[in-house]
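Note sheet for the following structure.
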Amino acid sequence: MKRKFKFLLIFILATSLLSGCKKVDTSNKVAEEESKPKTTSIADDKNLESKEKTSEKEKPVPEEKIDQEKKIEKLSYVNGGNTGSMSSYVEDRELWKDFTDEKHIAAAKKISYGLHLPRILLDSEDAKEANKDLDDLAKNILGLYESYRDQFQSEELGVFASFSAYQDENILSLMVETFDWQEAYPLYRIYNFSLPDGRLIKDQELMKNFGLDEDDLLRTIESSLKDYQDLTRKIYYSDDFEYFYESNPSNYTGKILDDLWDQRSTKENQIYINQVARPNFVFSSYPSLESGFGPQILELKRNTFDTSPLSDEYIKMARKLGIDPDDNKYKAFIIFLGAAYDEDSLKASLEKLQPWINAFNNYEDPNLLATIKENKEGQRPYLIGQECYLLIPKYKNASVSLKELELAEDGNLKEVDNNYLDYASCAGTTLICQNISDIVPNAKITLRYRDDILEFSPSISLKDGSLILPDEVFDAEDIYDYENPIKEDSYSLDLFEKFKFLLGQG
């Protein structure tokens with residue numbers, strides 16, 4: 001018995017000892033694992049991210065934010081707005097509710113030449129101010145209606161109002177157009193809001209949504225205007241050879257650009273996004289547009305493959321002449337073409353121009369500015385400057401203008417009024433006809449690109465017959481070579497007919 005008990009006691013002690021050793025080993029292993037850097041698998045990261053997103057979704061969202069997000073997502077058709085207008089923050093004021101005449105109610109409900117003003121449903125201080133402005137406009141329109149309605153036997157209103165609305169997740173853009181039948185042109189109001197805060201924003205902030213910085217935006221406006229004017233000329237005025245100064249839109253493009261550069265910094269809210277997401281620039285408040293020289297509203301179009309401000313003609317000529325197109329030394333090239341006293345001399349000048357047209361201008365005629373004056377009988381204008389030369393500005397949207405000069409009694413040159421020249425100004429490459437006498441030039445050229453203005457009058461050297469020019473203008477006579485020969489009887493018939501009219505032979 002004693003032996004068995006002794007053996008049992010040894011067995012229990014051994015078991016306890018082994019158990020104690022295992023416990024110590026496990027503890028050491030845990031401590032060792034805790035000292036190692038922790039790593040997680042991609043699956044673990046995704047699970048953690050999913051948990052965080054779930055936790056984020058469970059957080060309460062303010063009711064106002066939910067409501068605004070729903071309004072942005074769920075746009076509705078704006079009844080009364082210009083066809084296609086969509087917004088969750090705009091409704092028609094329905095001004096005809098105060099009318100008593102049924103025929104006028106029907107007329108006011110029409111989209112075209114009806115009476116529609118927006119009410120802005122944004123809850124912001126800027127929206128409240130805009131609505132106050134529209135409240136005043138509504139009162140004024142109703143007052144005009146009351147004063148006009150007895151003058152019309154039909155359903156005509158005498159005053160019209162319309163609006164367009166565009167909305168996306170970032171902006172709300174409104175344009176309001178009003179027109180009084182006694183006025184020459186409509187008036188426009190523009191309201192652009194950021195969403196969802198309802199803050200009024202300026203043009204530059206608006207156009208950032210379309211990826212345009214300040215310089216891109218100005219260049220887009222300039223190029224869109226020039227393209228519009230040139231296209232209008234090609235479609236409607238290509239055969240108008242006689243009074244081309246009075247009807248040719250390209251002869252006023254430079255004037256509009258001058259207005260834009262002079263006044264753009266002082267004006268705001270000139271751009272709105274129409275109902276089909278097209279940015280539009282409103283020109284109606286510029287003096288040149290009030291004279292009917294261009295579009296009231298211009299759709300802005302941006303060519304992403306043509307972002308250089310330099311003209312194609314200038315770049316091609318500069319490379320051929322061995323000049324760096326980006327060199328700031330020069331602002332323009334000039335080529336003397338000869339005189340235009342009669343048909344024979346005119347043909348010779350235009351024959352010299354034609355190789356340049358073929359090689360550098362894709363066979364298209366340049367713009368034309370000539371010193372002309374109305375005769376004493378007040379009939380057809382006539383040419384008072386016969387020397388012709390081609391001016392190629394460095395910048396494609398540069399304006400080119402002429403101002404008539406005459407010799408004053410004190411022996412100095414002074415500017416004189418000339419209705420044909422004072423309102424005309426081209427943009428880009430221009431054929432100029434004026435006297436460039438070495439003694440008394442009869443015109444002054446103004447070459448302008450934005451705030452950079454150069455005024456000069458070319459003259460001819462008595463020593464060698466070369467052109468005397470400012471340092472910024474390069475004489476490009478050497479552009480002609482065997483690759484661009486001057487051919488007899490090869491010239492622009494359109495330019496020939498225009499000059500014939502000015503020479504009194506057309």
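The chains in the structure tokens are called A, B, ... from first to last as shown; in each chain the residues are counted from 1, and the ligands are counted from 1 in the order shown.
Near Ser457 in chain A, within 9 Å and counting only C-alpha atoms, sit Ile436, Pro441, Asn442, Ala443, Lys444, Ile445, Thr446, Glu455, Ser459, Ile468, Leu469 and Pro470 of chain A; same-chain residues fewer than 2 positions away were not included.
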* Test item: residues at most 9 Å from Leu121 in chain A, only C-alpha atoms, excluding those fewer than 3 positions along its chain, as a PyMOL selection string -> chain A and resi 88-91+127-128
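You can rank A:Arg448, A:Lys500, A:Arg93, A:His116 by their closest distance to Asp258 in chain A using only C-alpha atoms, and at the top of that list sits A:Arg448.
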* Point-to-point distance from CA of Ala108 in chain A to CA of Glu156 in chain A, Å rounded to tenths ->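 Atom-to-atom, CA of Ala108 in chain A to CA of Glu156 in chain A, that is 8.7 Å.
The two atoms in question, CA of Glu94 in chain A and CA of Phe152 in chain A, are spaced 21.4 Å apart.
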* Asked: Which polymer residues have any atom within 7 Å of an atom of range 394-401 of chain A, counting only C-alpha atoms, with same-chain residues fewer than 3 positions away left out, as a PyMOL selection string?
  -> chain A and resi 222-223+254+257+309-311+314+331-332+424-428+445-449
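Comparing the minimum interatomic distances between Glu374 in chain A and each of A:Gly198, A:Gly322, A:Gly294, A:Gly504, counting only C-alpha atoms, we find that A:Gly504 sits nearest.
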* Provide the CA of Gln204 in chain A to CA of Tyr272 in chain A distance in Å, to one decimal place. =>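 Rounded to one decimal, the two atoms are 11.2 Å apart.
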* Asked: Which parts of range 242-379 of chain A does DSSP call strand (DSSP E) when run on the backbone here, written out as a list in words?
  ->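 Secondary structure check on range 242-379 of chain A, strand (DSSP E): Ile271, Tyr272, Ile273, Pro279, Asn280, Phe281, Val282, Ile297, Leu298, Glu299, Ala332, Phe333, Ile334, Ile335, Phe336, Leu337, Gly338, Ala339, Asn367, Leu368, Leu369, Ala370, Ile372, Lys373 and Glu374 of chain A.
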* **Nearest to Ser308 in chain A by atom-to-atom distance, counting only C-alpha atoms, from A:Pro325, A:Ser492, A:Glu246, A:Asn362** => A:Pro325
* For Leu75 in chain A, which residue out of A:Asn358, A:Gln167, A:Gln182, A:Ser154 is the nearest one, using only C-alpha atoms? ->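 Checking each of A:Asn358, A:Gln167, A:Gln182, A:Ser154 against Leu75 in chain A, counting only C-alpha atoms, the winner is A:Gln167.
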